[in-house]
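*Asks:* Data file coords19.tsv (TSV, C-alpha atoms and all ligand atoms) is appended below.
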chain	number	residue	atom	x	y	z
A	95	MET	CA	11.51	18.63	-11.42
A	96	PHE	CA	12.82	21.89	-9.99
A	97	ILE	CA	12.20	23.36	-6.55
A	98	ASN	CA	12.86	27.01	-5.84
A	99	LEU	CA	15.24	27.48	-2.91
A	100	GLU	CA	15.46	31.25	-2.96
A	101	ASN	CA	13.55	31.57	0.31
A	102	VAL	CA	15.84	29.22	2.15
A	103	PHE	CA	19.02	30.75	0.68
A	104	ASN	CA	18.11	34.42	1.02
A	105	ASN	CA	14.85	35.14	2.75
A	106	GLY	CA	15.26	33.74	6.23
A	107	VAL	CA	13.16	30.61	5.75
A	108	SER	CA	14.88	27.95	7.84
A	109	GLU	CA	13.22	24.83	6.48
A	110	ILE	CA	11.39	23.53	3.42
A	111	LYS	CA	9.73	20.14	3.74
A	112	LEU	CA	10.19	17.66	0.94
A	113	ASN	CA	7.50	15.13	0.20
A	114	TYR	CA	7.52	13.94	-3.39
A	115	GLU	CA	7.02	10.93	-5.56
A	116	PHE	CA	9.01	10.32	-8.70
A	117	ASP	CA	8.18	8.01	-11.52
A	118	PHE	CA	11.40	6.29	-12.62
A	119	THR	CA	9.67	3.37	-14.33
A	120	GLY	CA	11.28	4.29	-17.67
A	121	LEU	CA	14.83	4.30	-16.30
A	122	GLU	CA	17.06	1.45	-17.33
A	123	TYR	CA	19.86	0.00	-15.23
A	124	ASP	CA	22.06	-2.79	-16.48
A	125	GLY	CA	19.49	-3.93	-19.05
A	126	VAL	CA	16.48	-3.97	-16.70
A	127	TYR	CA	13.94	-1.45	-15.43
A	128	PRO	CA	14.37	-1.73	-11.65
A	129	PHE	CA	11.91	0.97	-10.54
A	130	THR	CA	8.46	-0.50	-11.08
A	131	THR	CA	6.84	1.49	-8.27
A	132	PRO	CA	7.15	5.22	-7.46
A	133	VAL	CA	10.24	6.47	-5.63
A	134	ARG	CA	9.18	8.33	-2.49
A	135	LEU	CA	11.31	11.19	-1.26
A	136	GLN	CA	10.89	12.60	2.23
A	137	GLY	CA	13.06	15.06	4.08
A	138	VAL	CA	13.94	18.72	4.41
A	139	VAL	CA	16.08	21.46	2.97
A	140	THR	CA	17.35	23.50	5.91
A	141	ASN	CA	19.35	26.65	6.43
A	142	GLU	CA	21.55	26.14	9.46
A	143	THR	CA	23.57	29.28	10.18
A	144	ASP	CA	23.79	30.14	6.50
A	145	ILE	CA	24.72	26.66	5.34
A	146	VAL	CA	21.99	25.03	3.30
A	147	TYR	CA	21.61	21.26	3.59
A	148	ILE	CA	19.38	18.66	2.07
A	149	HIS	CA	18.59	15.83	4.52
A	150	ALA	CA	16.31	13.32	2.84
A	151	VAL	CA	15.69	9.66	2.15
A	152	ALA	CA	14.55	8.08	-1.09
A	153	GLN	CA	12.46	4.96	-0.54
A	154	PHE	CA	11.69	2.51	-3.29
A	155	THR	CA	11.35	-1.13	-4.20
A	156	LEU	CA	14.20	-2.38	-6.33
A	157	GLU	CA	13.14	-5.01	-8.84
A	158	ALA	CA	16.08	-6.88	-10.28
A	159	VAL	CA	17.42	-10.11	-11.69
A	160	CYS	CA	20.07	-11.95	-9.70
A	161	ASP	CA	23.43	-11.99	-11.46
A	162	ARG	CA	24.17	-15.44	-10.05
A	163	CYS	CA	20.95	-17.46	-10.25
A	164	ALA	CA	18.94	-15.33	-12.74
A	165	ASP	CA	15.90	-15.28	-10.43
A	166	ASN	CA	13.79	-12.14	-10.09
A	167	PHE	CA	13.86	-10.53	-6.70
A	168	SER	CA	12.73	-7.31	-5.09
A	169	ARG	CA	14.19	-5.39	-2.17
A	170	GLU	CA	13.09	-2.38	-0.15
A	171	MET	CA	15.71	0.34	-0.47
A	172	ASN	CA	16.34	3.47	1.60
A	173	VAL	CA	18.90	5.75	0.00
A	174	PRO	CA	20.07	8.77	2.00
A	175	ILE	CA	20.16	12.04	0.06
A	176	GLU	CA	22.59	14.16	2.05
A	177	HIS	CA	24.33	17.17	0.57
A	178	ILE	CA	25.39	20.72	1.18
A	179	LEU	CA	23.74	23.03	-1.33
A	180	VAL	CA	25.47	26.16	-2.52
A	181	SER	CA	24.24	28.94	-4.78
A	182	GLU	CA	27.73	29.60	-6.11
A	183	LEU	CA	30.86	27.55	-6.26
A	184	ASN	CA	34.27	29.12	-5.69
A	185	ASP	CA	36.28	25.95	-5.92
A	186	GLU	CA	35.24	24.09	-9.06
A	187	ASP	CA	36.89	20.86	-7.96
A	188	ASN	CA	34.89	20.44	-4.80
A	189	ASP	CA	32.27	17.77	-5.41
A	190	GLU	CA	31.08	17.71	-1.80
A	191	PHE	CA	28.81	20.59	-2.70
A	192	ILE	CA	25.87	20.62	-5.03
A	193	LEU	CA	25.66	23.81	-7.05
A	194	VAL	CA	22.10	25.10	-7.26
A	195	GLU	CA	22.08	27.41	-10.26
A	196	GLY	CA	19.61	30.25	-10.07
A	197	MET	CA	18.58	28.79	-6.68
A	198	ARG	CA	16.49	26.23	-8.49
A	199	LEU	CA	17.40	22.68	-7.57
A	200	ASP	CA	16.67	19.87	-9.98
A	201	LEU	CA	15.52	17.52	-7.23
A	202	GLU	CA	14.55	14.66	-9.51
A	203	GLN	CA	17.99	14.65	-11.17
A	204	LEU	CA	19.76	14.71	-7.80
A	205	VAL	CA	17.68	11.83	-6.44
A	206	MET	CA	18.22	9.82	-9.61
A	207	GLU	CA	21.99	10.26	-9.45
A	208	ASP	CA	22.17	9.33	-5.76
A	209	ILE	CA	20.06	6.24	-6.36
A	210	TYR	CA	22.21	5.12	-9.28
A	211	LEU	CA	25.36	5.54	-7.18
A	212	SER	CA	23.79	3.46	-4.40
A	213	LEU	CA	22.90	0.47	-6.57
A	214	PRO	CA	25.16	-2.53	-6.06
A	215	MET	CA	27.71	-3.43	-8.73
A	216	ARG	CA	26.42	-6.98	-8.68
A	217	MET	CA	22.75	-7.62	-8.17
A	218	LEU	CA	22.41	-10.62	-5.87
A	219	CYS	CA	19.13	-12.02	-4.57
A	220	ASP	CA	21.09	-12.91	-1.44
A	221	GLU	CA	24.75	-12.53	-0.45
A	222	ASP	CA	24.82	-16.32	-0.07
A	223	CYS	CA	23.08	-17.08	-3.36
A	224	LYS	CA	24.36	-20.47	-4.55
A	225	GLY	CA	23.76	-19.74	-8.23
A	226	ILE	CA	22.87	-22.32	-10.85
A	227	CYS	CA	24.60	-25.56	-11.77
A	228	SER	CA	26.77	-24.98	-14.82
A	229	LYS	CA	25.87	-28.47	-16.10
A	230	CYS	CA	22.13	-28.93	-15.61
A	231	GLY	CA	21.07	-25.33	-14.93
A	232	LYS	CA	19.24	-26.13	-11.72
A	233	ASN	CA	18.84	-23.28	-9.26
A	234	LEU	CA	21.00	-24.53	-6.38
A	235	ASN	CA	19.14	-22.34	-3.86
A	236	GLU	CA	16.29	-24.81	-4.25
A	237	GLY	CA	18.48	-27.79	-3.47
A	238	ASN	CA	21.44	-29.73	-4.80
A	239	CYS	CA	21.37	-31.38	-8.21
A	240	ASP	CA	22.64	-34.83	-9.09
A	241	CYS	CA	25.57	-33.64	-11.20
A	242	LYS	CA	28.98	-34.82	-10.16
A	243	LYS	CA	31.48	-32.22	-9.05
A	244	ASP	CA	33.87	-31.12	-11.80
A	245	VAL	CA	36.95	-33.29	-11.82
A	246	ASP	CA	40.35	-31.60	-11.71
A	247	PRO	CA	41.56	-31.37	-15.36
A	248	ARG	CA	44.83	-33.14	-14.54
A	249	LEU	CA	42.93	-36.02	-13.00
A	250	GLN	CA	40.62	-35.98	-16.00
A	251	ALA	CA	43.60	-36.52	-18.34
A	252	LEU	CA	44.75	-39.39	-16.17
A	253	GLN	CA	41.26	-40.83	-16.20
A	254	GLN	CA	41.25	-40.75	-20.00
A	255	LEU	CA	44.59	-42.58	-20.14
A	256	LEU	CA	43.19	-45.25	-17.82
A	257	ASP	CA	39.99	-45.50	-19.86
A	258	ASN	CA	42.01	-46.09	-23.01
B	1	ZN	ZN	20.45	-15.48	-6.77
B	2	ZN	ZN	23.57	-29.94	-12.00
Would you encode the structure as structure tokens?
Ligand SMILES: [Zn+2]
Ligand SMILES: [Zn+2]
*Replies:*
Amino acid sequence: MFINLENVFNNGVSEIKLNYEFDFTGLEYDGVYPFTTPVRLQGVVTNETDIVYIHAVAQFTLEAVCDRCADNFSREMNVPIEHILVSELNDEDNDEFILVEGMRLDLEQLVMEDIYLSLPMRMLCDEDCKGICSKCGKNLNEGNCDCKKDVDPRLQALQQLLDN
């Protein structure tokens, strides 16, 4: 989805309001489809003394599976979309700036990239998630199981000698 920024770059318009919804339901991340509801984008593109900025926030509900306990969980996310927009780039290596070719910004692409970069490396339902018991598979967030703690392997060898 492109928005035309010619007015804000060249024609003295100081602000363009952004109020969009994107459908990312078909986007996969790490084997799941985390965007089950629309992503809402609100903010502005502004020209402040000839520097063009995007100041916006993408709001969405992240639907994911916990990497530790395998439970489904959802979380409200607010991802800042903050960049300086330029219509031409003199220094190719500068990734602080977003190049807007032909003054048409692919807003959907930009929002998608920023959201992907903001997603955690490990999806955890809670920082303190206790995970599942490796023996019985019980979700330990719901309470302890009756399994005994793993015995140190050296003690286990000793135990076997004694058993024999
Ligand atoms: Zn968990
Ligand atoms: Zn157990």
*Asks:* Taking only C-alpha atoms and all ligand atoms into account, which residues have an atom no farther than 9 Å from ligand ZN 2 (chain B)? I'd like them as a JSON list (two decimals) with C-alpha atoms, keeping the file's coordinate frame.
*Replies:*
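Below you can see selection_17.json, which holds the result:
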[["chain", "number", "residue", "atom", "x", "y", "z"],
["A", 226, "ILE", "CA", 22.87, -22.32, -10.85],
["A", 227, "CYS", "CA", 24.60, -25.56, -11.77],
["A", 228, "SER", "CA", 26.77, -24.98, -14.82],
["A", 229, "LYS", "CA", 25.87, -28.47, -16.10],
["A", 230, "CYS", "CA", 22.13, -28.93, -15.61],
["A", 231, "GLY", "CA", 21.07, -25.33, -14.93],
["A", 232, "LYS", "CA", 19.24, -26.13, -11.72],
["A", 233, "ASN", "CA", 18.84, -23.28, -9.26],
["A", 234, "LEU", "CA", 21.00, -24.53, -6.38],
["A", 238, "ASN", "CA", 21.44, -29.73, -4.80],
["A", 239, "CYS", "CA", 21.37, -31.38, -8.21],
["A", 240, "ASP", "CA", 22.64, -34.83, -9.09],
["A", 241, "CYS", "CA", 25.57, -33.64, -11.20],
["A", 242, "LYS", "CA", 28.98, -34.82, -10.16],
["A", 243, "LYS", "CA", 31.48, -32.22, -9.05]]
*Asks:* I'd like a table as CSV: residues in chain A with an atom no more than 7 Å from ligand ZN 1 (chain B), each row giving the shortest atom pair and its distance in Å to one decimal, only C-alpha atoms and all ligand atoms counted, sorted by chain and rising residue number.
*Replies:*
residue,atom,partner,partner_atom,distance
A:Cys160,CA,B:ZN1,ZN,4.6
A:Asp161,CA,B:ZN1,ZN,6.6
A:Arg162,CA,B:ZN1,ZN,5.0
A:Cys163,CA,B:ZN1,ZN,4.0
A:Ala164,CA,B:ZN1,ZN,6.2
A:Asp165,CA,B:ZN1,ZN,5.8
A:Leu218,CA,B:ZN1,ZN,5.3
A:Cys219,CA,B:ZN1,ZN,4.3
A:Asp220,CA,B:ZN1,ZN,6.0
A:Cys223,CA,B:ZN1,ZN,4.6
A:Lys224,CA,B:ZN1,ZN,6.7
A:Gly225,CA,B:ZN1,ZN,5.6
*Asks:* If the box runs along x, y and z of the file and leaves 8 Å on each side of region 144-161 of chain A, what are its centre and edge lengths in Å, one decimal, as JSON?
*Replies:*
{"center_x": 18.0, "center_y": 9.1, "center_z": -2.6, "size_x": 29.4, "size_y": 58.1, "size_z": 34.2}
*Asks:* Rounded to one decimal, what separation in Å do you get between CA of Phe118 (chain A) and CA of Thr130 (chain A)?
*Replies:*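 Spanning CA of Phe118 (chain A) to CA of Thr130 (chain A) is a straight-line distance of 7.6 Å.
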*Asks:* So which residues touch Leu213 (chain A) within 12 Å, counting only C-alpha atoms, skipping near sequence neighbours fewer than 4 positions away, as a ChimeraX atom specification?
*Replies:* /A:123-124,128-129,154-158,169,171-173,206-209,217-218
*Asks:* Neighbours of region 145-148 of chain A within 10 Å (only C-alpha atoms; same-chain residues fewer than 2 positions away dropped), as a list in words?
*Replies:*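 That gives Leu99, Val102, Phe103, Ser108, Glu109, Ile110, Lys111, Leu112, Gly137, Val138, Val139, Thr140, Asn141, Glu142, Thr143, Ala150, Val151, Pro174, Ile175, Glu176, His177, Ile178, Leu179, Val180, Ser181, Phe191 and Ile192 of chain A.
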*Asks:* Scan for residues within 6 Å of the point (26.0, 26.0, -7.9) in the coordinates of the file, using only C-alpha atoms, and reply as a list of chain:residue names.
*Replies:*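 Checked against the point, the hits come out as A:Val180, A:Ser181, A:Glu182, A:Leu183, A:Leu193, A:Val194, A:Glu195.
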